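Peer 1: Data: run.cif, mmCIF, C-alpha atoms.
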```cif
data_entry
loop_
_atom_site.label_atom_id
_atom_site.label_comp_id
_atom_site.auth_asym_id
_atom_site.auth_seq_id
_atom_site.Cartn_x
_atom_site.Cartn_y
_atom_site.Cartn_z
CA MET A 1 22.82 -33.73 0.96
CA PHE A 2 19.20 -33.41 2.12
CA ASP A 3 18.08 -37.05 1.95
CA LYS A 4 18.30 -37.67 5.70
CA ARG A 5 16.21 -34.58 6.49
CA VAL A 6 13.57 -35.53 3.95
CA LEU A 7 13.44 -39.11 5.25
CA ASP A 8 13.04 -37.89 8.83
CA ALA A 9 10.31 -35.41 7.85
CA THR A 10 8.27 -37.94 5.85
CA ARG A 11 8.77 -41.05 8.00
CA SER A 12 5.47 -40.79 9.90
CA THR A 13 3.36 -40.20 6.78
CA LEU A 14 5.05 -43.01 4.88
CA GLN A 15 4.49 -45.43 7.76
CA THR A 16 0.77 -44.61 7.84
CA ILE A 17 0.39 -45.25 4.10
CA ALA A 18 2.61 -48.34 4.22
CA LYS A 19 0.56 -49.92 7.03
CA SER A 20 -2.57 -49.41 4.94
CA LEU A 21 -0.92 -51.12 1.95
CA LEU A 22 0.36 -53.95 4.13
CA ALA A 23 -3.16 -54.56 5.45
CA ARG A 24 -4.25 -55.05 1.83
CA GLY A 25 -1.53 -57.63 1.22
CA ILE A 26 0.70 -55.36 -0.87
CA GLY A 27 4.42 -56.05 -0.43
CA ALA A 28 7.56 -53.94 -0.81
CA ASN A 29 8.72 -55.50 -4.09
CA GLN A 30 5.31 -54.93 -5.67
CA VAL A 31 5.54 -51.25 -4.77
CA THR A 32 9.10 -51.07 -6.10
CA VAL A 33 8.09 -52.45 -9.50
CA ALA A 34 4.92 -50.35 -9.67
CA GLY A 35 6.90 -47.21 -8.85
CA PHE A 36 9.42 -48.03 -11.56
CA VAL A 37 6.69 -48.52 -14.16
CA VAL A 38 5.04 -45.23 -13.21
CA GLY A 39 8.37 -43.41 -13.21
CA MET A 40 9.36 -44.78 -16.61
CA MET A 41 6.16 -43.35 -18.08
CA ALA A 42 7.95 -40.01 -17.80
CA LEU A 43 10.29 -41.10 -20.62
CA PRO A 44 7.70 -41.16 -23.44
CA LEU A 45 5.94 -38.13 -21.97
CA LEU A 46 9.17 -36.13 -22.17
CA ALA A 47 9.92 -37.51 -25.62
CA PHE A 48 6.56 -36.16 -26.79
CA ASN A 49 7.07 -32.88 -24.90
CA HIS A 50 4.63 -33.24 -22.00
CA PRO A 51 6.98 -32.23 -19.14
CA LEU A 52 4.29 -31.39 -16.56
CA LEU A 53 2.69 -34.83 -16.90
CA ALA A 54 6.17 -36.32 -16.72
CA LEU A 55 6.75 -34.44 -13.47
CA VAL A 56 3.68 -36.12 -11.96
CA CYS A 57 5.17 -39.52 -12.85
CA ILE A 58 8.54 -38.52 -11.39
CA LEU A 59 6.99 -37.43 -8.08
CA LEU A 60 4.84 -40.56 -7.87
CA ASN A 61 7.95 -42.66 -8.44
CA ARG A 62 9.61 -41.00 -5.47
CA LEU A 63 6.53 -41.59 -3.31
CA PHE A 64 6.61 -45.28 -4.22
CA ASP A 65 10.35 -45.34 -3.54
CA GLY A 66 9.78 -44.08 -0.02
CA LEU A 67 6.95 -46.54 0.54
CA ASP A 68 8.78 -49.68 -0.56
CA GLY A 69 11.54 -49.19 2.00
CA THR A 70 9.01 -48.40 4.72
CA LEU A 71 7.02 -51.53 3.84
CA ALA A 72 10.18 -53.62 3.94
CA ARG A 73 11.05 -52.36 7.41
CA LEU A 74 7.52 -53.08 8.65
CA THR A 75 7.94 -56.71 7.60
CA GLU A 76 11.45 -58.04 6.92
CA PRO A 77 13.95 -56.30 4.61
CA THR A 78 15.57 -58.64 2.10
CA ASP A 79 18.73 -58.47 0.00
CA ARG A 80 16.56 -59.21 -3.03
CA GLY A 81 14.42 -56.16 -2.34
CA GLY A 82 17.39 -53.90 -1.72
CA PHE A 83 19.01 -55.06 -4.95
CA LEU A 84 15.84 -54.51 -6.99
CA ASP A 85 15.29 -51.07 -5.49
CA ILE A 86 18.71 -49.62 -6.28
CA VAL A 87 18.91 -51.09 -9.80
CA LEU A 88 15.52 -49.71 -10.80
CA ASP A 89 16.33 -46.36 -9.20
CA PHE A 90 19.41 -45.87 -11.38
CA LEU A 91 17.54 -46.93 -14.52
CA PHE A 92 14.81 -44.41 -13.70
CA TYR A 93 17.23 -41.55 -13.04
CA SER A 94 18.96 -42.00 -16.39
CA ALA A 95 15.64 -42.16 -18.24
CA ILE A 96 14.76 -38.54 -17.44
CA PRO A 97 17.61 -36.79 -19.31
CA LEU A 98 17.16 -39.36 -22.09
CA GLY A 99 13.52 -38.29 -22.38
CA PHE A 100 14.52 -34.64 -22.76
CA ALA A 101 17.09 -35.61 -25.39
CA LEU A 102 14.46 -37.48 -27.39
CA GLY A 103 12.05 -34.57 -27.09
CA ASN A 104 14.49 -32.05 -28.55
CA PRO A 105 17.65 -33.75 -29.85
CA GLU A 106 19.22 -30.63 -31.35
CA LEU A 107 19.22 -28.69 -28.08
CA ASN A 108 19.17 -31.40 -25.43
CA ALA A 109 21.17 -34.39 -26.70
CA LEU A 110 24.62 -33.15 -25.64
CA PRO A 111 23.68 -31.85 -22.15
CA ALA A 112 21.68 -35.05 -21.57
CA ALA A 113 24.70 -37.16 -22.53
CA VAL A 114 26.93 -35.15 -20.18
CA LEU A 115 24.46 -35.56 -17.32
CA ILE A 116 24.06 -39.31 -17.87
CA TYR A 117 27.87 -39.62 -17.92
CA ALA A 118 27.98 -37.75 -14.60
CA PHE A 119 25.31 -40.13 -13.24
CA ILE A 120 27.64 -43.03 -14.10
CA GLY A 121 30.25 -41.45 -11.84
CA THR A 122 27.94 -40.95 -8.86
CA GLY A 123 26.36 -44.37 -9.34
CA CYS A 124 29.53 -46.45 -9.68
CA SER A 125 31.33 -44.64 -6.84
CA PHE A 126 28.24 -45.10 -4.64
CA LEU A 127 27.91 -48.82 -5.38
CA ALA A 128 31.65 -49.53 -5.30
CA PHE A 129 31.90 -47.94 -1.85
CA ALA A 130 28.89 -49.96 -0.66
CA THR A 131 30.45 -53.20 -1.94
CA ILE A 132 33.74 -52.72 -0.10
CA ALA A 133 31.92 -51.43 2.99
CA ALA A 134 29.86 -54.63 3.08
CA LYS A 135 33.04 -56.70 2.77
CA ARG A 136 34.45 -54.87 5.79
CA ASN A 137 31.16 -55.04 7.75
CA LEU A 138 30.85 -51.26 7.86
CA SER A 139 27.48 -49.59 8.44
CA SER A 140 26.26 -46.06 7.84
CA LEU A 141 25.37 -44.12 10.97
CA ALA A 142 23.48 -41.50 8.93
CA PHE A 143 21.31 -44.09 7.12
CA PRO A 144 21.15 -47.17 9.39
CA ASP A 145 17.88 -48.44 7.83
CA LYS A 146 19.30 -48.84 4.33
CA SER A 147 19.98 -52.35 3.04
CA PHE A 148 23.60 -51.41 2.21
CA TYR A 149 26.08 -48.67 3.06
CA TYR A 150 24.50 -45.43 1.86
CA LEU A 151 27.27 -42.94 1.15
CA GLY A 152 25.87 -39.42 0.89
CA GLY A 153 27.11 -36.50 -1.15
CA LEU A 154 26.17 -33.22 -2.76
CA SER A 155 23.91 -34.96 -5.28
CA GLU A 156 21.61 -37.40 -3.52
CA ALA A 157 18.06 -38.41 -4.45
CA THR A 158 16.48 -35.21 -3.10
CA GLU A 159 18.72 -32.92 -5.13
CA THR A 160 18.24 -35.06 -8.23
CA ILE A 161 14.44 -34.89 -8.04
CA PHE A 162 14.57 -31.16 -7.35
CA VAL A 163 16.59 -30.62 -10.53
CA PHE A 164 14.27 -32.92 -12.49
CA ALA A 165 11.34 -30.82 -11.29
CA LEU A 166 13.06 -27.62 -12.46
CA MET A 167 13.69 -29.23 -15.84
CA CYS A 168 10.03 -30.15 -16.20
CA LEU A 169 8.80 -26.74 -15.08
CA PHE A 170 11.28 -24.85 -17.27
CA PRO A 171 12.11 -27.24 -20.15
CA SER A 172 13.74 -24.55 -22.28
CA TRP A 173 16.42 -24.31 -19.55
CA PHE A 174 17.16 -28.03 -19.62
CA GLY A 175 20.72 -27.54 -20.88
CA VAL A 176 21.59 -25.11 -18.09
CA PHE A 177 20.17 -27.39 -15.40
CA ALA A 178 21.80 -30.48 -16.93
CA TYR A 179 25.29 -28.98 -17.15
CA GLY A 180 24.99 -27.43 -13.70
CA PHE A 181 23.85 -30.64 -12.04
CA ALA A 182 26.43 -32.66 -13.96
CA LEU A 183 29.11 -30.50 -12.34
CA ILE A 184 27.63 -31.18 -8.90
CA CYS A 185 27.58 -34.91 -9.70
CA ILE A 186 31.22 -34.83 -10.77
CA ILE A 187 32.18 -33.10 -7.52
CA THR A 188 30.21 -35.74 -5.61
CA THR A 189 32.05 -38.49 -7.49
CA PHE A 190 35.45 -37.07 -6.57
CA LEU A 191 34.38 -36.67 -2.94
CA ARG A 192 33.25 -40.31 -2.85
CA ILE A 193 36.49 -41.48 -4.46
CA SER A 194 38.39 -39.49 -1.85
CA ALA A 195 36.28 -40.99 0.93
CA GLY A 196 36.89 -44.50 -0.41
CA MET A 197 40.65 -44.00 -0.73
CA SER A 198 40.76 -42.68 2.82
CA GLN A 199 38.41 -45.24 4.39
CA PHE A 200 39.81 -48.33 2.69
CA LYS A 201 43.49 -47.94 3.55
#
```
Go ahead and render the structure in this file as structure tokens.

Peer 2:
Amino acid sequence: MFDKRVLDATRSTLQTIAKSLLARGIGANQVTVAGFVVGMMALPLLAFNHPLLALVCILLNRLFDGLDGTLARLTEPTDRGGFLDIVLDFLFYSAIPLGFALGNPELNALPAAVLIYAFIGTGCSFLAFATIAAKRNLSSLAFPDKSFYYLGGLSEATETIFVFALMCLFPSWFGVFAYGFALICIITTFLRISAGMSQFK
């Protein structure tokens, strides 16, 4: 819901950093992989109940995620890079509730499972829409720089990271945040299904 606003607000800063990285010979795919590795460090940190350190990894992952796309656009975006970026993003997102489940299975396993299930809905509806949109040569006016059709919704990357931050800051409330965000993800899934059924007549 807020991704476009965040992208617009951070574009200038990301371009400055990306140009510096490019001058040092660092490419978009390198940043994508590095960001994934850093982000996945949140999983063991959460499993061993270090949520504040995990939050640092989560935020760094998002910084890298913004930089890899900016780097790609400063050079030449590739299908390979776009594919790698979205696959690693979804793996990272699912790792966070898994980390909380491992850290406190008795309290967190069920809400984590529900949230990961809800992520499956948002992810598959997002990617299925993008696949058919590409077949029909459709492009997103809201996100023209993306490597594929980026269908928005109530639960986009910005909202997901905001909820992850709340979970890390208030880990005893993980279940409440997980169930609440799962509901938002389910609503997003139904909205995307509705959009697909309407668009692809």

Peer 1: Spell out the residues picked by the PyMOL selection byres ((chain A and resi 35) around 8) here, as a list of chain:residue names.

Peer 2: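 Here the PyMOL selection byres ((chain A and resi 35) around 8) matches A:Val31, A:Thr32, A:Val33, A:Ala34, A:Phe36, A:Val37, A:Val38, A:Gly39, A:Leu60, A:Asn61, A:Arg62, A:Leu63, A:Phe64, A:Asp65.
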
Peer 1: May I have the residues within 12 Å of Phe174 (chain A) as a ChimeraX atom specification, using all atoms listed in the file and disregarding those fewer than 2 positions away in the same chain?

Peer 2: /A:46,51,96-101,103-105,107-112,115,163-172,176-182

Peer 1: Restricting the output to C-alpha atoms, write the selected residues as a compact mmCIF listing (two decimals), in the frame of the given file.

Peer 2:
```
# COMPACT_ATOMS: atom_id res chain seq x y z
CA LEU A 46 9.17 -36.13 -22.17
CA PRO A 51 6.98 -32.23 -19.14
CA ILE A 96 14.76 -38.54 -17.44
CA PRO A 97 17.61 -36.79 -19.31
CA LEU A 98 17.16 -39.36 -22.09
CA GLY A 99 13.52 -38.29 -22.38
CA PHE A 100 14.52 -34.64 -22.76
CA ALA A 101 17.09 -35.61 -25.39
CA GLY A 103 12.05 -34.57 -27.09
CA ASN A 104 14.49 -32.05 -28.55
CA PRO A 105 17.65 -33.75 -29.85
CA LEU A 107 19.22 -28.69 -28.08
CA ASN A 108 19.17 -31.40 -25.43
CA ALA A 109 21.17 -34.39 -26.70
CA LEU A 110 24.62 -33.15 -25.64
CA PRO A 111 23.68 -31.85 -22.15
CA ALA A 112 21.68 -35.05 -21.57
CA LEU A 115 24.46 -35.56 -17.32
CA VAL A 163 16.59 -30.62 -10.53
CA PHE A 164 14.27 -32.92 -12.49
CA ALA A 165 11.34 -30.82 -11.29
CA LEU A 166 13.06 -27.62 -12.46
CA MET A 167 13.69 -29.23 -15.84
CA CYS A 168 10.03 -30.15 -16.20
CA LEU A 169 8.80 -26.74 -15.08
CA PHE A 170 11.28 -24.85 -17.27
CA PRO A 171 12.11 -27.24 -20.15
CA SER A 172 13.74 -24.55 -22.28
CA VAL A 176 21.59 -25.11 -18.09
CA PHE A 177 20.17 -27.39 -15.40
CA ALA A 178 21.80 -30.48 -16.93
CA TYR A 179 25.29 -28.98 -17.15
CA GLY A 180 24.99 -27.43 -13.70
CA PHE A 181 23.85 -30.64 -12.04
CA ALA A 182 26.43 -32.66 -13.96
```

Peer 1: Do you have, as a Markdown table, the list of residues of region 97-145 of chain A lying at most 10 Å from region 75-91 of chain A, each with its nearest atom pair and that distance in Å to one decimal, counting only C-alpha atoms and ordered by chain then number?

Peer 2:
```
| residue | atom | partner | partner_atom | distance |
| --- | --- | --- | --- | --- |
| A:Phe119 | CA | A:Phe90 | CA | 8.4 |
| A:Ile120 | CA | A:Phe90 | CA | 9.1 |
| A:Gly123 | CA | A:Phe90 | CA | 7.4 |
| A:Leu127 | CA | A:Ile86 | CA | 9.3 |
| A:Asp145 | CA | A:Pro77 | CA | 9.4 |
```

Peer 1: Expressed in Å to a single decimal, how great is the separation between CA of Thr122 (chain A) and CA of Cys185 (chain A)?

Peer 2: 6.1 Å

Peer 1: Between A:Leu102, A:Ala128, A:Ala95, A:Ala18, which is the closest to Phe48 (chain A) once you count only C-alpha atoms?

Peer 2: A:Leu102

Peer 1: Selected by the PyMOL selection byres ((chain A and resi 131) around 12) in the shown coordinates: which residues, as a list in words?

Peer 2: Phe83, Cys124, Ser125, Phe126, Leu127, Ala128, Phe129, Ala130, Ile132, Ala133, Ala134, Lys135, Arg136, Asn137, Leu138, Ser139, Ser147, Phe148, Tyr149, Tyr150, Leu151, Gly196 and Phe200 of chain A

Peer 1: What does the distance from CA of Ser155 (chain A) to CA of Thr16 (chain A) come to in Å, to one decimal?

Peer 2: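 A separation of 28.3 Å between them.
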
Peer 1: At what distance in Å, to one decimal, does CA of Leu74 (chain A) lie from CA of Ile26 (chain A)?

Peer 2: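 Distance reported for this atom pair: 11.9 Å.
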
Peer 1: Between A:Gln199, A:Thr158, A:Ser94, A:Thr189, which residue has the minimum interatomic distance to Arg5 (chain A), considering only C-alpha atoms?

Peer 2: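 Using only C-alpha atoms, Arg5 (chain A) sits closest to A:Thr158.
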
Peer 1: Taking into account all atoms listed in the file, which residue in the set A:Thr70, A:Ser194, A:Tyr93, A:Leu21 is nearest to Ala157 (chain A)?

Peer 2: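 Closest to Ala157 (chain A), using all atoms listed in the file: A:Tyr93.
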
Peer 1: Once you add 8 Å to each side, what are the centre and edge lengths of the axis-aligned box holding all listed atoms of region 85-104 of chain A? One decimal in Å, as AutoDock Vina command-line options, if you can.

Peer 2:
```
--center_x 15.7 --center_y -41.6 --center_z -17.0 --size_x 23.4 --size_y 35.0 --size_z 39.1
```
